[in-house]
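S.K.: I have a structure I would like to understand better, so I am pasting it below and will then ask my questions one at a time.
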Amino acid sequence: MRASLLQIAVDPDESADSRRRRVAALVRERRGVDLVVLPELWPVGAFAYESFAAEAEPVQGPTFAAVSAAARDAAVWLHAGSVVERAADGRLYNTSLVISPAGELVRTYRKIHRFGFDKGEATLMAAGDALVTVELPASGAGPSVTLGLATCYDLRFPELFRGLTDAGAELLVVPAGWPERRRAHWTLLARARAVENQAYVLACATAGTHAGVEQSGHSLVVDPWGEVLAEAGPGEEVLTVELDPATVATTRERFPVLRDRRLGLAPPAGL
Ligand SMILES: O=C(O)CCC(=O)C(=O)O
């Protein structure tokens, strides 16, 4: 299968509406690939905390309207990155959307680990509490493949990814708005999650600078052996890779580390 990661620049001189139109046009250009992935909170900017409330939208709000039509026109599966969701009870969530080639919303994922410690997203947004996978059905000569969903800061929590692996995930998809100053962690953790779960990692970051935070760019795709198949530079870029989902099963068969897990170990003895 072919996948494209759209590493979108998020800069303050472009409105969310203008970026939605621009991103929809980029998605339309991806006709012919199977899966397109967008970054975290690209309409508003992951660090534009002051704009979260004003730019919050329902799951099927303006971002969904713009990109679902583009997914349908291009006939691609679209992981649309995330939006600031305003839920029915008024709470905000960092919510990812997965859209079918027919333009239908098939799955949402509310970011589980909120970034900022006692500030920013961690105080402005509510946390999701459910693991989410989505199976893309077989198409043409390609087999079905199961995506496991995570968002940005989630990348630091290996147990979430192990849970996705246990639920059958073969491609771990991680939209992000990762700061440049911690880029070394981004690439290291993306490779670690691929190696330890023997799965593909598709990690799609933003570029540009917003709210004074320079974004890392350097989206990357890692194979189940931990090899980086492709890595973007710092600016806006489309990264397209060829993946073979069968590699996940063959890697797990030939080097069956997951089989050697020891669950239910006794806790350390007390004093
Ligand atoms: O963990 C990090 O260093 C960055 C996380 C982050 O920026 C986010 O989750 O929005």
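Chain identifiers are assigned as A, B, and so on, following the order in which chains appear in the structure tokens; residues are numbered from 1 within each chain, and ligands are numbered from 1 in order of appearance.
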Report as a list in words all protein, DNA and RNA residues lying within 12 Å of range 260-271 of chain A, evaluated on only C-alpha atoms, omitting residues in the same chain fewer than 5 positions from it.

M.R.: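 Counting only the stated atoms, we get Arg162, Asp166, Glu196, Asn197, Arg252 and Phe255 of chain A.
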
S.K.: Around ligand 1, which protein and nucleic acid residues have at least one atom no more than 7 Å from it, if we count only C-alpha atoms and all ligand atoms? List them as JSON, numbers by chain.

M.R.: {"A": [46, 114, 115, 151, 152, 153, 154, 156, 176, 177, 178, 179, 182]}

S.K.: Can those selected residues be exported to a file as a JSON list (two decimals), in the first residue's frame so that it contains N, CA and C atoms?

M.R.:
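Wrote it out as again-v1.json, contents follow:
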[["chain", "number", "residue", "atom", "x", "y", "z"],
["A", 46, "ALA", "N", -1.14, 23.29, 17.57],
["A", 46, "ALA", "CA", -1.16, 22.53, 18.83],
["A", 46, "ALA", "C", -0.80, 23.39, 20.04],
["A", 114, "ARG", "N", -2.66, 14.26, 27.75],
["A", 114, "ARG", "CA", -2.66, 15.68, 27.38],
["A", 114, "ARG", "C", -1.33, 16.30, 27.78],
["A", 115, "PHE", "N", -0.81, 17.14, 26.87],
["A", 115, "PHE", "CA", 0.51, 17.72, 27.10],
["A", 115, "PHE", "C", 0.41, 19.05, 27.85],
["A", 151, "THR", "N", -1.76, 10.12, 19.54],
["A", 151, "THR", "CA", -1.54, 11.53, 19.17],
["A", 151, "THR", "C", -0.38, 12.11, 19.97],
["A", 152, "CYS", "N", 0.63, 12.57, 19.27],
["A", 152, "CYS", "CA", 1.73, 13.40, 19.80],
["A", 152, "CYS", "C", 2.27, 12.90, 21.14],
["A", 153, "TYR", "N", 1.96, 13.57, 22.24],
["A", 153, "TYR", "CA", 2.52, 13.25, 23.56],
["A", 153, "TYR", "C", 2.28, 11.78, 23.94],
["A", 154, "ASP", "N", 1.22, 11.17, 23.38],
["A", 154, "ASP", "CA", 0.98, 9.73, 23.60],
["A", 154, "ASP", "C", 2.22, 8.90, 23.26],
["A", 156, "ARG", "N", 5.05, 9.08, 24.15],
["A", 156, "ARG", "CA", 5.93, 8.83, 25.30],
["A", 156, "ARG", "C", 5.43, 7.71, 26.21],
["A", 176, "ALA", "N", 1.10, 14.70, 15.06],
["A", 176, "ALA", "CA", 1.75, 15.45, 16.13],
["A", 176, "ALA", "C", 1.95, 16.92, 15.75],
["A", 177, "GLY", "N", 2.16, 17.72, 16.81],
["A", 177, "GLY", "CA", 2.66, 19.09, 16.67],
["A", 177, "GLY", "C", 3.82, 19.15, 17.65],
["A", 178, "TRP", "N", 4.96, 18.64, 17.24],
["A", 178, "TRP", "CA", 6.08, 18.38, 18.17],
["A", 178, "TRP", "C", 7.07, 19.54, 18.12],
["A", 179, "PRO", "N", 7.51, 20.05, 19.25],
["A", 179, "PRO", "CA", 8.46, 21.17, 19.22],
["A", 179, "PRO", "C", 9.85, 20.75, 18.71],
["A", 182, "ARG", "N", 12.69, 19.39, 21.01],
["A", 182, "ARG", "CA", 12.74, 17.99, 21.47],
["A", 182, "ARG", "C", 12.65, 17.02, 20.30]]

S.K.: Can you tell me, as number ranges by chain, which residues in range 26-161 of chain A count as strand (DSSP E or B) by DSSP?

M.R.: A: 31, 33, 35-37, 57, 77-86, 92-99, 105-110, 133-136, 139, 142, 145-149

S.K.: Quick one: residues within 8 Å of Ser219 in chain A, only C-alpha atoms counted, chain neighbours fewer than 4 positions away excluded, as a VMD selection string?

M.R.: chain A and resid 5 7 202 to 206 231 to 233 239

S.K.: Any chance you can output those residues with C-alpha atoms as a short mmCIF file (atom, residue, chain, number, x, y, z; two decimals), in the first residue's frame?

M.R.:
data_model
loop_
_atom_site.label_atom_id
_atom_site.label_comp_id
_atom_site.auth_asym_id
_atom_site.auth_seq_id
_atom_site.Cartn_x
_atom_site.Cartn_y
_atom_site.Cartn_z
CA LEU A 5 2.06 12.02 5.23
CA GLN A 7 3.55 17.70 6.91
CA LEU A 202 3.58 6.67 10.60
CA ALA A 203 4.46 9.82 12.52
CA CYS A 204 3.17 13.03 10.91
CA ALA A 205 4.26 16.35 12.43
CA THR A 206 3.62 20.02 11.66
CA GLU A 231 11.89 11.22 6.78
CA ALA A 232 10.82 14.74 5.89
CA GLY A 233 12.88 17.88 6.32
CA LEU A 239 6.20 12.23 2.28
#

S.K.: May I have all residues of range 31-224 of chain A that DSSP, computed from the backbone, assigns to helix (DSSP H, G or I), given as a ChimeraX atom specification?

M.R.: /A:49-55,62-74,121-124,152-156,158-166,180-197

S.K.: Report the distance between CA of Val59 in chain A and CA of Ser100 in chain A in Å, rounded to one decimal place.

M.R.: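 Distance reported for this atom pair: 14.9 Å.
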
S.K.: Sort by chain and increasing residue number a table of all residues of range 30-72 of chain A within 10 Å of range 13-24 of chain A, each with its closest pair of atoms and their distance in Å to one decimal, counting only C-alpha atoms, and write it as a tab-separated table.

M.R.:
residue	atom	partner	partner_atom	distance
A:Leu38	CA	A:Val23	CA	8.8
A:Trp42	CA	A:Arg19	CA	8.1
A:Pro43	CA	A:Ala16	CA	4.8
A:Val44	CA	A:Ala16	CA	5.8
A:Gly45	CA	A:Ala16	CA	8.9
A:Glu55	CA	A:Ala16	CA	8.1
A:Pro62	CA	A:Arg20	CA	8.2
A:Thr63	CA	A:Arg20	CA	6.4
A:Phe64	CA	A:Arg20	CA	9.4
A:Ala65	CA	A:Arg20	CA	9.4
A:Ala66	CA	A:Ala24	CA	6.0
A:Val67	CA	A:Ala24	CA	5.1
A:Ser68	CA	A:Ala24	CA	8.4
A:Ala69	CA	A:Ala24	CA	8.0
A:Ala70	CA	A:Ala24	CA	5.4
A:Ala71	CA	A:Ala24	CA	8.2

S.K.: How about saving the chosen residues, C-alpha atoms kept, as an mmCIF file, in the first residue's frame?

M.R.:
data_model
loop_
_atom_site.group_PDB
_atom_site.id
_atom_site.type_symbol
_atom_site.label_atom_id
_atom_site.label_comp_id
_atom_site.auth_asym_id
_atom_site.auth_seq_id
_atom_site.Cartn_x
_atom_site.Cartn_y
_atom_site.Cartn_z
ATOM 1 C CA LEU A 38 -2.409 14.804 8.505
ATOM 2 C CA TRP A 42 -3.286 21.592 12.111
ATOM 3 C CA PRO A 43 -6.319 23.904 11.706
ATOM 4 C CA VAL A 44 -5.538 25.898 14.888
ATOM 5 C CA GLY A 45 -1.996 24.891 15.946
ATOM 6 C CA GLU A 55 -11.717 27.441 17.035
ATOM 7 C CA PRO A 62 -15.760 22.742 9.233
ATOM 8 C CA THR A 63 -12.566 20.681 9.222
ATOM 9 C CA PHE A 64 -14.463 17.457 8.582
ATOM 10 C CA ALA A 65 -16.527 19.171 5.868
ATOM 11 C CA ALA A 66 -13.423 20.386 4.035
ATOM 12 C CA VAL A 67 -11.299 17.259 4.190
ATOM 13 C CA SER A 68 -13.996 14.588 3.915
ATOM 14 C CA ALA A 69 -15.040 16.024 0.543
ATOM 15 C CA ALA A 70 -11.384 15.948 -0.521
ATOM 16 C CA ALA A 71 -10.970 12.317 0.658
#

S.K.: Quick one: everything within 12 Å of range 224-229 of chain A, counting only C-alpha atoms, minus sequence neighbours fewer than 4 positions away in the same chain. Send it as a VMD selection string.

M.R.: chain A and resid 3 165 169 to 172 187 to 203 218 to 220 239 to 255 257

S.K.: Based on the selection just made, write N, CA and C atoms of those residues as a short mmCIF file (atom, residue, chain, number, x, y, z; two decimals), in the first residue's frame.

M.R.:
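To be explicit, this is the file written out as result.cif:
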data_model
loop_
_atom_site.label_atom_id
_atom_site.label_comp_id
_atom_site.auth_asym_id
_atom_site.auth_seq_id
_atom_site.Cartn_x
_atom_site.Cartn_y
_atom_site.Cartn_z
N ALA A 3 1.24 5.20 1.23
CA ALA A 3 0.75 6.16 2.22
C ALA A 3 1.47 7.49 2.04
N THR A 165 -1.22 -2.73 20.00
CA THR A 165 -0.66 -3.95 19.37
C THR A 165 -1.49 -5.16 19.79
N ALA A 169 -3.23 -3.86 16.08
CA ALA A 169 -2.71 -2.78 15.23
C ALA A 169 -1.43 -3.21 14.50
N GLU A 170 -1.35 -2.87 13.24
CA GLU A 170 -0.16 -3.16 12.41
C GLU A 170 0.52 -1.86 11.97
N LEU A 171 -0.26 -0.83 11.80
CA LEU A 171 0.28 0.50 11.47
C LEU A 171 -0.11 1.43 12.62
N LEU A 172 0.87 1.97 13.31
CA LEU A 172 0.63 2.89 14.42
C LEU A 172 0.72 4.31 13.86
N THR A 187 12.13 11.38 17.01
CA THR A 187 12.62 10.32 16.12
C THR A 187 12.98 9.06 16.93
N LEU A 188 13.57 9.27 18.08
CA LEU A 188 13.94 8.12 18.93
C LEU A 188 12.70 7.34 19.36
N LEU A 189 11.68 8.05 19.83
CA LEU A 189 10.48 7.37 20.33
C LEU A 189 9.69 6.72 19.20
N ALA A 190 9.66 7.35 18.03
CA ALA A 190 8.95 6.74 16.88
C ALA A 190 9.62 5.41 16.52
N ARG A 191 10.93 5.40 16.52
CA ARG A 191 11.63 4.15 16.20
C ARG A 191 11.45 3.13 17.31
N ALA A 192 11.48 3.58 18.56
CA ALA A 192 11.31 2.64 19.68
C ALA A 192 9.94 1.98 19.63
N ARG A 193 8.88 2.77 19.36
CA ARG A 193 7.53 2.19 19.30
C ARG A 193 7.44 1.18 18.15
N ALA A 194 8.14 1.43 17.04
CA ALA A 194 8.12 0.48 15.92
C ALA A 194 8.85 -0.81 16.31
N VAL A 195 10.03 -0.68 16.89
CA VAL A 195 10.83 -1.87 17.24
C VAL A 195 10.13 -2.71 18.29
N GLU A 196 9.64 -2.06 19.35
CA GLU A 196 9.11 -2.87 20.46
C GLU A 196 7.78 -3.51 20.11
N ASN A 197 7.04 -2.92 19.17
CA ASN A 197 5.76 -3.51 18.78
C ASN A 197 5.83 -4.23 17.44
N GLN A 198 6.96 -4.18 16.78
CA GLN A 198 7.16 -4.81 15.48
C GLN A 198 6.02 -4.42 14.54
N ALA A 199 5.84 -3.10 14.44
CA ALA A 199 4.76 -2.52 13.65
C ALA A 199 5.32 -1.32 12.88
N TYR A 200 4.62 -0.93 11.82
CA TYR A 200 4.97 0.33 11.16
C TYR A 200 4.55 1.48 12.06
N VAL A 201 5.33 2.55 12.07
CA VAL A 201 4.93 3.81 12.70
C VAL A 201 4.90 4.88 11.64
N LEU A 202 3.74 5.54 11.52
CA LEU A 202 3.58 6.67 10.60
C LEU A 202 3.41 7.90 11.48
N ALA A 203 4.44 8.70 11.58
CA ALA A 203 4.46 9.82 12.52
C ALA A 203 4.47 11.13 11.73
N HIS A 218 10.13 16.95 10.19
CA HIS A 218 10.77 15.63 10.29
C HIS A 218 9.77 14.50 10.57
N SER A 219 8.62 14.56 9.89
CA SER A 219 7.71 13.42 9.90
C SER A 219 8.49 12.21 9.43
N LEU A 220 8.10 11.04 9.92
CA LEU A 220 8.85 9.86 9.48
C LEU A 220 7.96 8.62 9.45
N LEU A 239 5.31 13.39 2.18
CA LEU A 239 6.20 12.23 2.28
C LEU A 239 5.39 11.01 1.84
N THR A 240 5.81 10.37 0.77
CA THR A 240 5.05 9.21 0.28
C THR A 240 5.92 7.96 0.35
N VAL A 241 5.34 6.90 0.92
CA VAL A 241 6.09 5.65 1.08
C VAL A 241 5.24 4.47 0.62
N GLU A 242 5.95 3.41 0.26
CA GLU A 242 5.32 2.13 -0.08
C GLU A 242 5.48 1.24 1.15
N LEU A 243 4.37 0.67 1.62
CA LEU A 243 4.41 -0.21 2.80
C LEU A 243 3.89 -1.58 2.42
N ASP A 244 4.40 -2.60 3.08
CA ASP A 244 3.86 -3.94 2.88
C ASP A 244 3.36 -4.45 4.23
N PRO A 245 2.05 -4.36 4.49
CA PRO A 245 1.53 -4.75 5.81
C PRO A 245 1.90 -6.18 6.19
N ALA A 246 2.16 -7.04 5.20
CA ALA A 246 2.54 -8.44 5.51
C ALA A 246 3.87 -8.49 6.26
N THR A 247 4.68 -7.45 6.14
CA THR A 247 5.97 -7.39 6.84
C THR A 247 5.79 -7.44 8.36
N VAL A 248 4.66 -6.95 8.83
CA VAL A 248 4.41 -6.98 10.28
C VAL A 248 4.35 -8.43 10.75
N ALA A 249 3.55 -9.25 10.06
CA ALA A 249 3.42 -10.66 10.46
C ALA A 249 4.73 -11.40 10.27
N THR A 250 5.44 -11.17 9.17
CA THR A 250 6.68 -11.92 8.96
C THR A 250 7.73 -11.51 9.99
N THR A 251 7.80 -10.25 10.33
CA THR A 251 8.77 -9.82 11.36
C THR A 251 8.44 -10.49 12.69
N ARG A 252 7.15 -10.52 13.03
CA ARG A 252 6.75 -11.12 14.32
C ARG A 252 6.96 -12.64 14.32
N GLU A 253 6.87 -13.27 13.14
CA GLU A 253 7.10 -14.72 13.08
C GLU A 253 8.60 -15.05 13.18
N ARG A 254 9.41 -14.28 12.43
CA ARG A 254 10.85 -14.60 12.35
C ARG A 254 11.62 -14.22 13.60
N PHE A 255 11.12 -13.21 14.31
CA PHE A 255 11.83 -12.72 15.50
C PHE A 255 10.76 -12.52 16.58
N VAL A 257 9.61 -11.85 19.46
CA VAL A 257 9.82 -11.23 20.79
C VAL A 257 8.52 -11.13 21.58
#

S.K.: Nearest residue to Arg183 in chain A out of A:Thr133, A:Ser4, A:Ser216, A:Thr209, using only C-alpha atoms?

M.R.: A:Ser216

S.K.: As an exercise, work out the distance from CA of Ala25 in chain A to CA of Asp223 in chain A in Å and give it to one decimal place.

M.R.: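 If I compute the distance from CA of Ala25 in chain A to CA of Asp223 in chain A, I get 28.6 Å.
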
S.K.: Separation of CA of Val238 in chain A and CA of Ala138 in chain A, in Å?

M.R.: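 Value for the CA of Val238 in chain A-CA of Ala138 in chain A distance: 24.5 Å.
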
S.K.: Pick out the residues sitting within 10 Å of Ala48 in chain A, and hand them over as a PDB file with N, CA and C atoms, in the first residue's frame; count only C-alpha atoms, and ignore anything fewer than 5 positions along from it in its own chain.

M.R.:
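out34.pdb was written with the following content:
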ATOM      1  N   PRO A  12       1.115  31.771  11.954  1.00  0.00           N
ATOM      2  CA  PRO A  12       0.033  32.657  12.395  1.00  0.00           C
ATOM      3  C   PRO A  12      -0.521  33.553  11.284  1.00  0.00           C
ATOM      4  N   LEU A  41      -3.895  18.810  15.281  1.00  0.00           N
ATOM      5  CA  LEU A  41      -4.434  20.176  15.465  1.00  0.00           C
ATOM      6  C   LEU A  41      -3.952  21.170  14.412  1.00  0.00           C
ATOM      7  N   GLU A  55     -11.814  28.287  18.246  1.00  0.00           N
ATOM      8  CA  GLU A  55     -11.717  27.441  17.035  1.00  0.00           C
ATOM      9  C   GLU A  55     -12.307  26.049  17.254  1.00  0.00           C
ATOM     10  N   GLY A 120      -1.676  24.747  29.593  1.00  0.00           N
ATOM     11  CA  GLY A 120      -1.993  24.470  28.195  1.00  0.00           C
ATOM     12  C   GLY A 120      -3.041  23.385  28.017  1.00  0.00           C
ATOM     13  N   GLU A 121      -2.747  22.498  27.060  1.00  0.00           N
ATOM     14  CA  GLU A 121      -3.701  21.441  26.719  1.00  0.00           C
ATOM     15  C   GLU A 121      -4.161  20.651  27.953  1.00  0.00           C
ATOM     16  N   HIS A 210       4.264  28.582  15.404  1.00  0.00           N
ATOM     17  CA  HIS A 210       3.064  29.273  15.872  1.00  0.00           C
ATOM     18  C   HIS A 210       3.128  29.377  17.387  1.00  0.00           C
ATOM     19  N   ALA A 211       2.491  30.398  17.922  1.00  0.00           N
ATOM     20  CA  ALA A 211       2.515  30.671  19.368  1.00  0.00           C
ATOM     21  C   ALA A 211       3.958  30.665  19.898  1.00  0.00           C
ATOM     22  N   GLY A 212       4.893  31.064  19.052  1.00  0.00           N
ATOM     23  CA  GLY A 212       6.289  31.151  19.469  1.00  0.00           C
ATOM     24  C   GLY A 212       6.984  29.813  19.573  1.00  0.00           C
ATOM     25  N   VAL A 213       6.341  28.734  19.127  1.00  0.00           N
ATOM     26  CA  VAL A 213       6.954  27.398  19.250  1.00  0.00           C
ATOM     27  C   VAL A 213       7.314  26.877  17.861  1.00  0.00           C
TER      28      VAL A 213
END

S.K.: May I have the residues within 7 Å of Ala80 in chain A as a list in words, using only C-alpha atoms and disregarding those fewer than 3 positions away in the same chain?

M.R.: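 Neighbouring residues, sequence-local ones excluded: Val37, Leu38, Ser96, Leu97 and Val98 of chain A.
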